[in-house]
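Student: The following block contains the structure, expressed as structure tokens.
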Number of protein chains: 4
Amino acid sequence: MELLVRYLDRSNSVSSVMNQDLIKEENLRDDLKYYFMSPCEKYRARRHIPWKLGVQILKIAMITTQLILFGLNNQLVVSYKEENMMALKNLFLKHYSGMDEDDYSVAVYTQQDVYDSLFYVLDQYSQLDRLSVGPISYAEDEDGKLLPITICKEYYKRGSVTPSDEAYDIDSELETVCMSQPKTANQSQSHNSSFFDLDFYRLVDIKITFQLKGINLQTVRRRELPDCYSFYVTITFDNQCHSGKVKISLDIDAQSCACQDWKISGTAQKNTHYLLVFDAFVILVCLTSAVLCTRSIILAVRLLQRFSRFLHENYNRKVCEDDQSEFLNGWYVLVIVSDLLAIIGSILKMEIQAKSLTSYDVCSIFLGTSTLMVWVGVIRYLGYFQKYNVLILTMKAAFPKVLRFCCCAGMIYLGYTFCGWIVLGPVP
Amino acid sequence: MELLVRYLDRSNSVSSVMNQDLIKEENLRDDLKYYFMSPCEKYRARRHIPWKLGVQILKIAMITTQLILFGLNNQLVVSYKEENMMALKNLFLKHYSGMDEDDYSVAVYTQQDVYDSLFYVLDQYSQLDRLSVGPISYAEDEDGKLLPITICKEYYKRGSVTPSDEAYDIDSELETVCMSQPKTANQSQSHNSSFFDLDFYRLVDIKITFQLKGINLQTVRRRELPDCYSFYVTITFDNQCHSGKVKISLDIDAQSCACQDWKISGTAQKNTHYLLVFDAFVILVCLTSAVLCTRSIILAVRLLQRFSRFLHENYNRKVCEDDQSEFLNGWYVLVIVSDLLAIIGSILKMEIQAKSLTSYDVCSIFLGTSTLMVWVGVIRYLGYFQKYNVLILTMKAAFPKVLRFCCCAGMIYLGYTFCGWIVLGPVP
Amino acid sequence: MELLVRYLDRSNSVSSVMNQDLIKEENLRDDLKYYFMSPCEKYRARRHIPWKLGVQILKIAMITTQLILFGLNNQLVVSYKEENMMALKNLFLKHYSGMDEDDYSVAVYTQQDVYDSLFYVLDQYSQLDRLSVGPISYAEDEDGKLLPITICKEYYKRGSVTPSDEAYDIDSELETVCMSQPKTANQSQSHNSSFFDLDFYRLVDIKITFQLKGINLQTVRRRELPDCYSFYVTITFDNQCHSGKVKISLDIDAQSCACQDWKISGTAQKNTHYLLVFDAFVILVCLTSAVLCTRSIILAVRLLQRFSRFLHENYNRKVCEDDQSEFLNGWYVLVIVSDLLAIIGSILKMEIQAKSLTSYDVCSIFLGTSTLMVWVGVIRYLGYFQKYNVLILTMKAAFPKVLRFCCCAGMIYLGYTFCGWIVLGPVP
Amino acid sequence: MELLVRYLDRSNSVSSVMNQDLIKEENLRDDLKYYFMSPCEKYRARRHIPWKLGVQILKIAMITTQLILFGLNNQLVVSYKEENMMALKNLFLKHYSGMDEDDYSVAVYTQQDVYDSLFYVLDQYSQLDRLSVGPISYAEDEDGKLLPITICKEYYKRGSVTPSDEAYDIDSELETVCMSQPKTANQSQSHNSSFFDLDFYRLVDIKITFQLKGINLQTVRRRELPDCYSFYVTITFDNQCHSGKVKISLDIDAQSCACQDWKISGTAQKNTHYLLVFDAFVILVCLTSAVLCTRSIILAVRLLQRFSRFLHENYNRKVCEDDQSEFLNGWYVLVIVSDLLAIIGSILKMEIQAKSLTSYDVCSIFLGTSTLMVWVGVIRYLGYFQKYNVLILTMKAAFPKVLRFCCCAGMIYLGYTFCGWIVLGPVP
């Protein structure tokens with residue numbers, strides 16, 4: 001850096017004899033000076049309109065808008081799924097209080113309560129169409145037949161064939177027995193089935209699985225086609241711990257699928273087209289920004305080569321490493337990386353909207369990271385103002401010290417955590 | 001500033017030859033010195049009693065008292081309305097737990113529960129006079145006839161005229177059907193009406209609206225006339241999401257109105273007169289304060305003109321901008337603005353008390369802002385003490401740096417928020 | 001201070017001619033030096049054993065012990081009263097959930113609920129002896145007759161003698177009607193009494209008051225005589241707001257009284273004697289400490305007089321104010337004040353234990369303040385160590401600045417509070 | 001330190017005449033220099049591979065792994081016991097809400113509720129095998145007979161033999177009466193027993209104790225032998241306070257014991273062998289580390305002796321204390337202490353796994369403390385880097401000041417606490 005600065009400063013005072021060289025040197029000096037100017041100074045110096053700055057500002061606005069639209073859309077779907085979850089829990093779990101514990105919804109402690117909860121699920125399922133307020137229906141297989149409800153119980157094998165009277169005799173291996181029951185089954189009869197004679201001391205868990213169909217009609221009012229969902233419901237009676245407490249939990253796996261039984265008139269998918277055009281425009285802007293930044297980096301590298309050749313020829317000296325790193329602008333790299341992320345994220349988003357992909361997670365990570373980088377990139381433009389620069393330089397200088405402190409504190413914290421966990425924590 | 005200070009200091013040592021000018025200059029110098037004195041020093045110098053300071057202190061006391069009286073009065077009305085809300089929720093919402101969720105009071109999950117909650121509202125309404133503890137009664141129209149209860153259901157139109165058996169066939173357009181029921185209707189009969197056959201898969205929401213009359217008797221004991229209220233009650237069964245969860249909520253729009261059916265002996269509106277006099281006195285004090293401050297500003301401007309003319313004539317120099325800004329006291333502007341706000345607020349308050357206005361919001365913003373300014377203005381008088389001045393100057397100096405830091409941090413925070421929301425937030 | 005220091009320092013180098021005066025001056029110099037020493041240095045200089053320090057340490061231990069004993073004793077009584085309160089609420093309030101709202105225990109919203117809650121209280125009271133688990137019984141008057149339960153209802157007077165049919169006609173004046181019911185009253189009959197025909201639109205509140213006797217047997221196991229209590233129970237049905245919500249609350253006024261109906265064998269009041277002796281000893285120690293400190297102050301004043309007389313005679317100068325204040329040790333004043341408070345508190349405590357006083361509040365304030373002062377006084381002895389002294393001096397210096405800052409911030413905070421309250425708060 | 005540094009520095013410039021001494025001095029100088037090098041420099045200087053460093057790193061990994069394994073294992077057992085506690089509370093306590101108060105689970109306020117809760121426990125116990133979901137059974141004595149349930153009631157003795165009618169007549173001494181009831185007892189008959197006629201005014205508490213057997217089958221799936229447990233259950237009806245509130249609480253003392261009635265096929269204790277080998281390896285590593293560090297300390301002491309002898313002979317000077325303390329490396333002491341703790345902890349852990357000890361508390365304290373020390377020891381290696389060293393030195397310097405501040409603040413805090421407790425706290 002010092003060499004560079006010295007060179008730029010000295011150059012004004014030294015009078016060079018050779019005319020040809022003089023012009024060349026003057027040129028180089030001007031280019032170097034121009035390179036290290038802020039957009040504002042560049043405009044004053046050569047009336048160079050700051051296209052890159054404009055593109056960046058446009059990009060911030062567009063990427064943020066895109067992200068908000070994507071997030072709001074996701075939020076609608078999430079709330080639909082959560083409310084369905086809540087509704088199913090209230091329908092199928094007996095004595096459900098509306099609040100979940102850590103990893104279960106209801107806990108029962110007596111054999112009678114287990115049977116009651118079990119039969120309650122079956123009864124409610126058999127009359128679901130008369131119960132539920134929402135447009136939920138039984139799923140059908142490809143032939144249009146209703147899919148049955150499946151009850152599986154898992155237990156430790158009996159240890160010996162002839163059970164002795166006194167001793168509880170079990171094997172460490174697990175055994176699973178399942179039973180399918182069509183929706184139309186006679187409930188009272190099935191309850192008396194020998195399948196429901198549970199040996200609690202051997203029982204590990206009971207899993208009831210069935211499949212339902214739902215439709216998200218929220219979008220109909222916006223004249224968009226609604227999404228249909230298949231809900232794979234699993235109700236688990238968990239007795240793994242054998243502590244006298246059976247934990248009942250309900251899980252849903254919701255998968256979007258085509259709507260077959262519904263006829264929705266008066267809707268169209270028009271709105272989606274606008275979104276696709278917007279996404280394409282975002283990609284275009286990001287590409288422009290990436291190309292402009294790449295060009296700037298290439299120009300900088302060429303300038304560095306010219307400068308080092310000049311130094312080598314005239315003064316027979318090399319450009320030191322610090323000076324070289326001054327030419328490689330880290331901000332440009334940041335912008336290019338964020339552009340690439342935004343482009344990938346936008347393409348993924350278009351695929352998701354066209355329903356050919358469902359990887360929301362990956363897409364949101366790409367879009368989110370690119371937005372974070374774009375906003376952080378704004379700090380660079382603040383750095384052009386004198387006073388903000390001081391702040392940024394201070395932050396730069398303090399960073400390694402803070403990191404070092406965190407490193408030291410982390411060690412003590414880790415040791416303290418381990419020690420505290422074992423000393424204060426789980427002592428039986 | 002420096003020019004000014006230099007002038008004031010130097011003036012003592014320089015001996016002027018011209019007698020006439022000498023006196024004029026001495027006069028100006030004295031006036032300038034006097035102008036930059038604190039009230040305490042002014043009193044010592046010319047025995048000038050600090051009227052302005054007295055008026056300010058009186059103003060603080062009066063405006064704060066006025067604000068507290070206004071707030072306490074509002075609080076009484078607010079608590080009356082909230083308790084009524086609570087009472088109506090307990091009367092009309094079946095299984096109301098006393099606690100509201102985010103945007104609803106009760107959630108039901110089965111068709112039977114929806115019917116039960118619906119008929120519960122109607123039943124409770126029909127026997128409201130025998131149920132309620134409070135002096136609430138049915139509202140009447142101008143002819144003295146009881147207003148009926150209105151039930152409206154909104155649903156998606158049927159898609160085709162001839163409904164096919166299997167498919168759910170709906171249109172994207174909404175349809176609203178309403179039914180009015182007088183209070184005296186036969187309940188059991190009306191429940192069987194075909195209006196209450198709900199197609200849940202098409203149903204968007206049900207709204208029950210009726211009107212009640214209440215009276216706030218709290219003020220009677222203070223021998224003030226009580227206020228009567230019309231309660232426009234709306235009970236909404238919200239099925240917009242079609243997720244199997246119907247959210248029931250109750251909203252009240254309470255409007256103050258004249259009491260017609262009540263005869264209250266032994267009360268008067270005397271108390272209000274005192275309040276009006278007090279408000280008028282507040283307006284008077286604020287006007288005085290505003291006039292005094294305006295006079296001070298005018299005097300300061302004249303002094304500045306005299307000083308600049310003098311400088312121009314004798315030394316042919318101009319008063320620099322910094323010195324000019326010294327003459328315009330920012331505190332005076334603050335006081336005048338706060339006075340104006342207080343006057344407007346007081347006038348609004350008088351109008352509200354005379355029941356010719358109900359814009360509590362606007363009035364409270366005016367009164368609140370003026371009180372804030374008056375209290376902040378106290379800091380000015382602290383600034384006259386040497387040591388407090390240091391504090392205030394420090395705060396002045398640190399402000400732009402803090403702002404700049406917040407600006408930088410804000411950028412990072414914004415990016416972080418967007419990124420965090422999309423990455424951690426709504427992923428279906 | 002400087003004068004004093006200069007005097008002490010210079011004195012060594014200056015050789016005085018007059019013999020008589022020389023000795024006198026030397027004496028004074030020694031006394032002054034000795035006066036400003038720490039206990040440790042005094043012991044090294046003149047083998048003076050630091051009695052005062054010893055007394056202070058003993059005092060800290062004793063006062064803290066006394067305070068803890070007093071507090072623990074109070075805590076027992078408090079928990080007894082709170083549990084009784086809880087038990088009575090559960091016995092007399094229908095549908096009591098075990099948790100109180102802000103200012104009431106149960107809220108009812110329908111006329112039927114008000115009647116139910118009212119009769120529930122009366123029923124529960126009539127069979128209290130068969131219900132309650134605790135040793136609670138009906139209170140009797142001096143002749144041994146059971147005191148009756150009293151029900152008072154307060155309502156607005158009717159406006160006119162001949163009530164018109166339509167209008168609610170009330171007067172602003174309140175009227176109170178009471179009814180006494182002996183415990184043995186026929187419940188079903190009394191419920192039909194016309195007293196219980198409530199006009200809810202006029203009703204302001206109902207107050208049910210009765211008196212019970214309890215005994216705190218906790219102390220029996222420690223072989224102390226138990227305390228008996230009279231509970232004055234008041235159950236209020238509050239309809240003041242006329243908002244349709246009647247708030248039911250239960251209040252207890254518990255007063256300690258002599259146990260008449262109980263015969264407790266095997267207990268004595270021995271334990272209390274030890275406590276009285278201990279309290280007396282605390283008073284003695286505090287008196288000693290106060291006397292020693294007073295003596296120190298008197299000695300200091302005499303020394304100051306000697307010093308100022310000497311200065312006046314020999315150098316004809318006065319002792320400046322700063323130097324004078326050095327002689328008056330603020331810590332001694334603190335110790336004396338804390339001693340006096342502790343003595344008053346201990347006397348009050350002895351009176352309370354002898355059951356001739358019940359002003360727990362006053363006593364605890366005296367004892368608490370004196371303990372606080374005694375502990376703060378420990379800082380003084382830390383000040384004798386070089387390094388702690390720096391800390392204390394820093395705190396002394398920073399105090400006025402912190403106060404000044406708080407003053408400024410307080411102004412802004414006050415204005416902000418008023419403004420926020422009125423703008424965000426109660427807007428009807 | 002300065003002497004040492006001066007010696008090391010000067011030595012290079014001073015040319016010594018005596019050959020023999022020269023070599024000896026050079027040797028000593030080299031050894032001293034080498035001694036104060038960091039591992040990295042040592043490797044560069046003499047190609048000394050840093051074994052000690054390697055052992056430390058290995059130790060950190062192994063001790064942390066061991067601690068985590070121990071903790072996870074304990075957590076399984078703890079959760080088993082807690083869930084059993086919960087299950088028993090739900091089975092035996094009537095109206096148990098699932099949430100405990102401070103020191104009890106359920107509170108009852110009427111005599112009838114006490115009887116109901118009491119008989120509920122007995123009823124539930126008599127049909128426990130048909131109720132409980134978990135593999136819990138009645139405990140048997142050595143002859144295989146079921147152990148009975150025991151009910152003990154404690155009350156104040158009657159004061160006189162002939163009870164007077166009016167007065168409650170009690171003695172301060174306590175009396176305990178117990179009753180044993182076999183599981184097969186006729187419930188309805190036993191409820192009418194005179195034992196259950198409770199004089200509530202004398203009753204202090206009722207304790208119901210019985211013994212159950214449980215088995216933790218969680219480990220069976222990992223093909224480990226399960227642990228059996230004896231649960232000593234105590235249900236307490238606490239009426240000590242005689243405040244009308246009887247607090248019911250349930251306590252469990254769970255003791256691991258041999259499984260007698262169970263036959264578990266297909267499990268083995270293989271897994272434990274691996275753990276024992278791992279523990280042995282940890283002990284080995286810790287021993288190595290301790291031996292290496294002891295050796296370093298011994299070498300350092302010898303070097304110090306050589307240096308001081310040299311100084312004494314050649315310059316006739318003594319090594320000052322500061323320099324001496326430089327030779328005794330505090331870190332080595334820390335490492336040795338942590339090694340010893342880890343070795344003791346590991347041995348305890350092996351004993352616990354072999355079921356010959358159950359002192360989990362002691363073992364976890366040893367293991368935890370050693371892990372804390374090992375992690376804190378990492379800071380020492382950070383100290384070898386220049387920049388981290390600054391941090392550590394700063395922390396060293398600031399420590400006494402922070403301590404001193406805490407000391408002062410502690411005094412004020414203590415006084416404040418006592419004062420606040422007595423003034424704001426328990427005032428009856």
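In the structure tokens, the first chain shown is A, the next is B, and so on; residue numbers restart at 1 for each chain, and ligands run from 1 in the order shown.
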Let's see if you can do this: from backbone DSSP, list all strand (DSSP E or B) residues in stretch 58-300 of chain A, as a PyMOL selection string.
Tutor: chain A and resi 106-108+110+132+137-138+140+146+149-158+168-181+203-216+227-238+246-257+262-265
Student: Quick check: residues of chain B within 7 Å of chain A, only C-alpha atoms, returned as a PyMOL selection string.
Tutor: chain B and resi 109-111+159+167-172+200-201+240-245+404+408+411-412+415-416+418-419+422-423+426-428
Student: To one decimal in Å, tell me the separation between atom CA of B:Asn329 and atom CA of B:Ile49.
Tutor: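 These atoms are spaced 20.0 Å apart.
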Student: Would you mind telling me which residue in A:Val301, A:Ser38, A:Ser338, A:Phe92 lies nearest to A:Ile60 when using only C-alpha atoms?
Tutor: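 Closest to A:Ile60 of all the choices is A:Ser338.
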Student: List the spatial neighbours of A:Leu304 as a VMD selection string - criterion: any atom at most 9 Å away, only C-alpha atoms, same-chain residues fewer than 6 positions off excluded.
Tutor: chain A and resid 32 319 324 327
Student: Those same residues - N, CA and C atoms - I'd like them written as a PDB file, in the first residue's frame.
Tutor:
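Produced file part29.pdb, reproduced below:
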```pdb
ATOM      1  N   LEU A  32      -4.918   4.691 -12.428  1.00  0.00           N
ATOM      2  CA  LEU A  32      -4.845   4.206 -11.046  1.00  0.00           C
ATOM      3  C   LEU A  32      -5.687   5.068 -10.121  1.00  0.00           C
ATOM      4  N   VAL A 319       5.642  -5.263  -7.177  1.00  0.00           N
ATOM      5  CA  VAL A 319       4.508  -4.789  -6.362  1.00  0.00           C
ATOM      6  C   VAL A 319       4.372  -5.729  -5.164  1.00  0.00           C
ATOM      7  N   GLN A 324      -1.036  -5.593  -3.989  1.00  0.00           N
ATOM      8  CA  GLN A 324      -1.794  -6.448  -4.904  1.00  0.00           C
ATOM      9  C   GLN A 324      -3.208  -6.708  -4.381  1.00  0.00           C
ATOM     10  N   PHE A 327      -5.918  -4.277  -5.115  1.00  0.00           N
ATOM     11  CA  PHE A 327      -6.577  -4.284  -6.424  1.00  0.00           C
ATOM     12  C   PHE A 327      -7.761  -5.245  -6.493  1.00  0.00           C
TER      13      PHE A 327
END
```
Student: Please, which residues of stretch 105-229 of chain B, numbered as in this document, come out helix (DSSP H, G or I) from DSSP, as a ChimeraX atom specification?
Tutor: /B:111-126,128-131,187-191,194-196,217-222
Student: Quick check, in Å to one decimal: how far apart do atom CA of B:Gly420 and atom CA of A:Leu276 lie?
Tutor: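 Going from atom CA of B:Gly420 over to atom CA of A:Leu276 covers 24.3 Å.
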Student: Find the residues around stretch 149-155 of chain D up to 9 Å (only C-alpha atoms counted), leave out those fewer than 5 positions away in its own chain, and share them as an NGL selection string.
Tutor: :D and (122 or 125 or 173-183 or 198-211)
Student: Can you tell me which residues surround stretch 93-102 of chain B at a distance of at most 7 Å, considering only C-alpha atoms, apart from same-chain residues fewer than 3 positions away, and format the answer as number ranges by chain?
Tutor: B: 89-90, 105-106, 117, 120-121
Student: Report, in Å with one decimal, the straight-line distance from atom CA of C:Asp238 to atom CA of C:Asp116.
Tutor: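 Atom CA of C:Asp238 sits 15.2 Å away from atom CA of C:Asp116.
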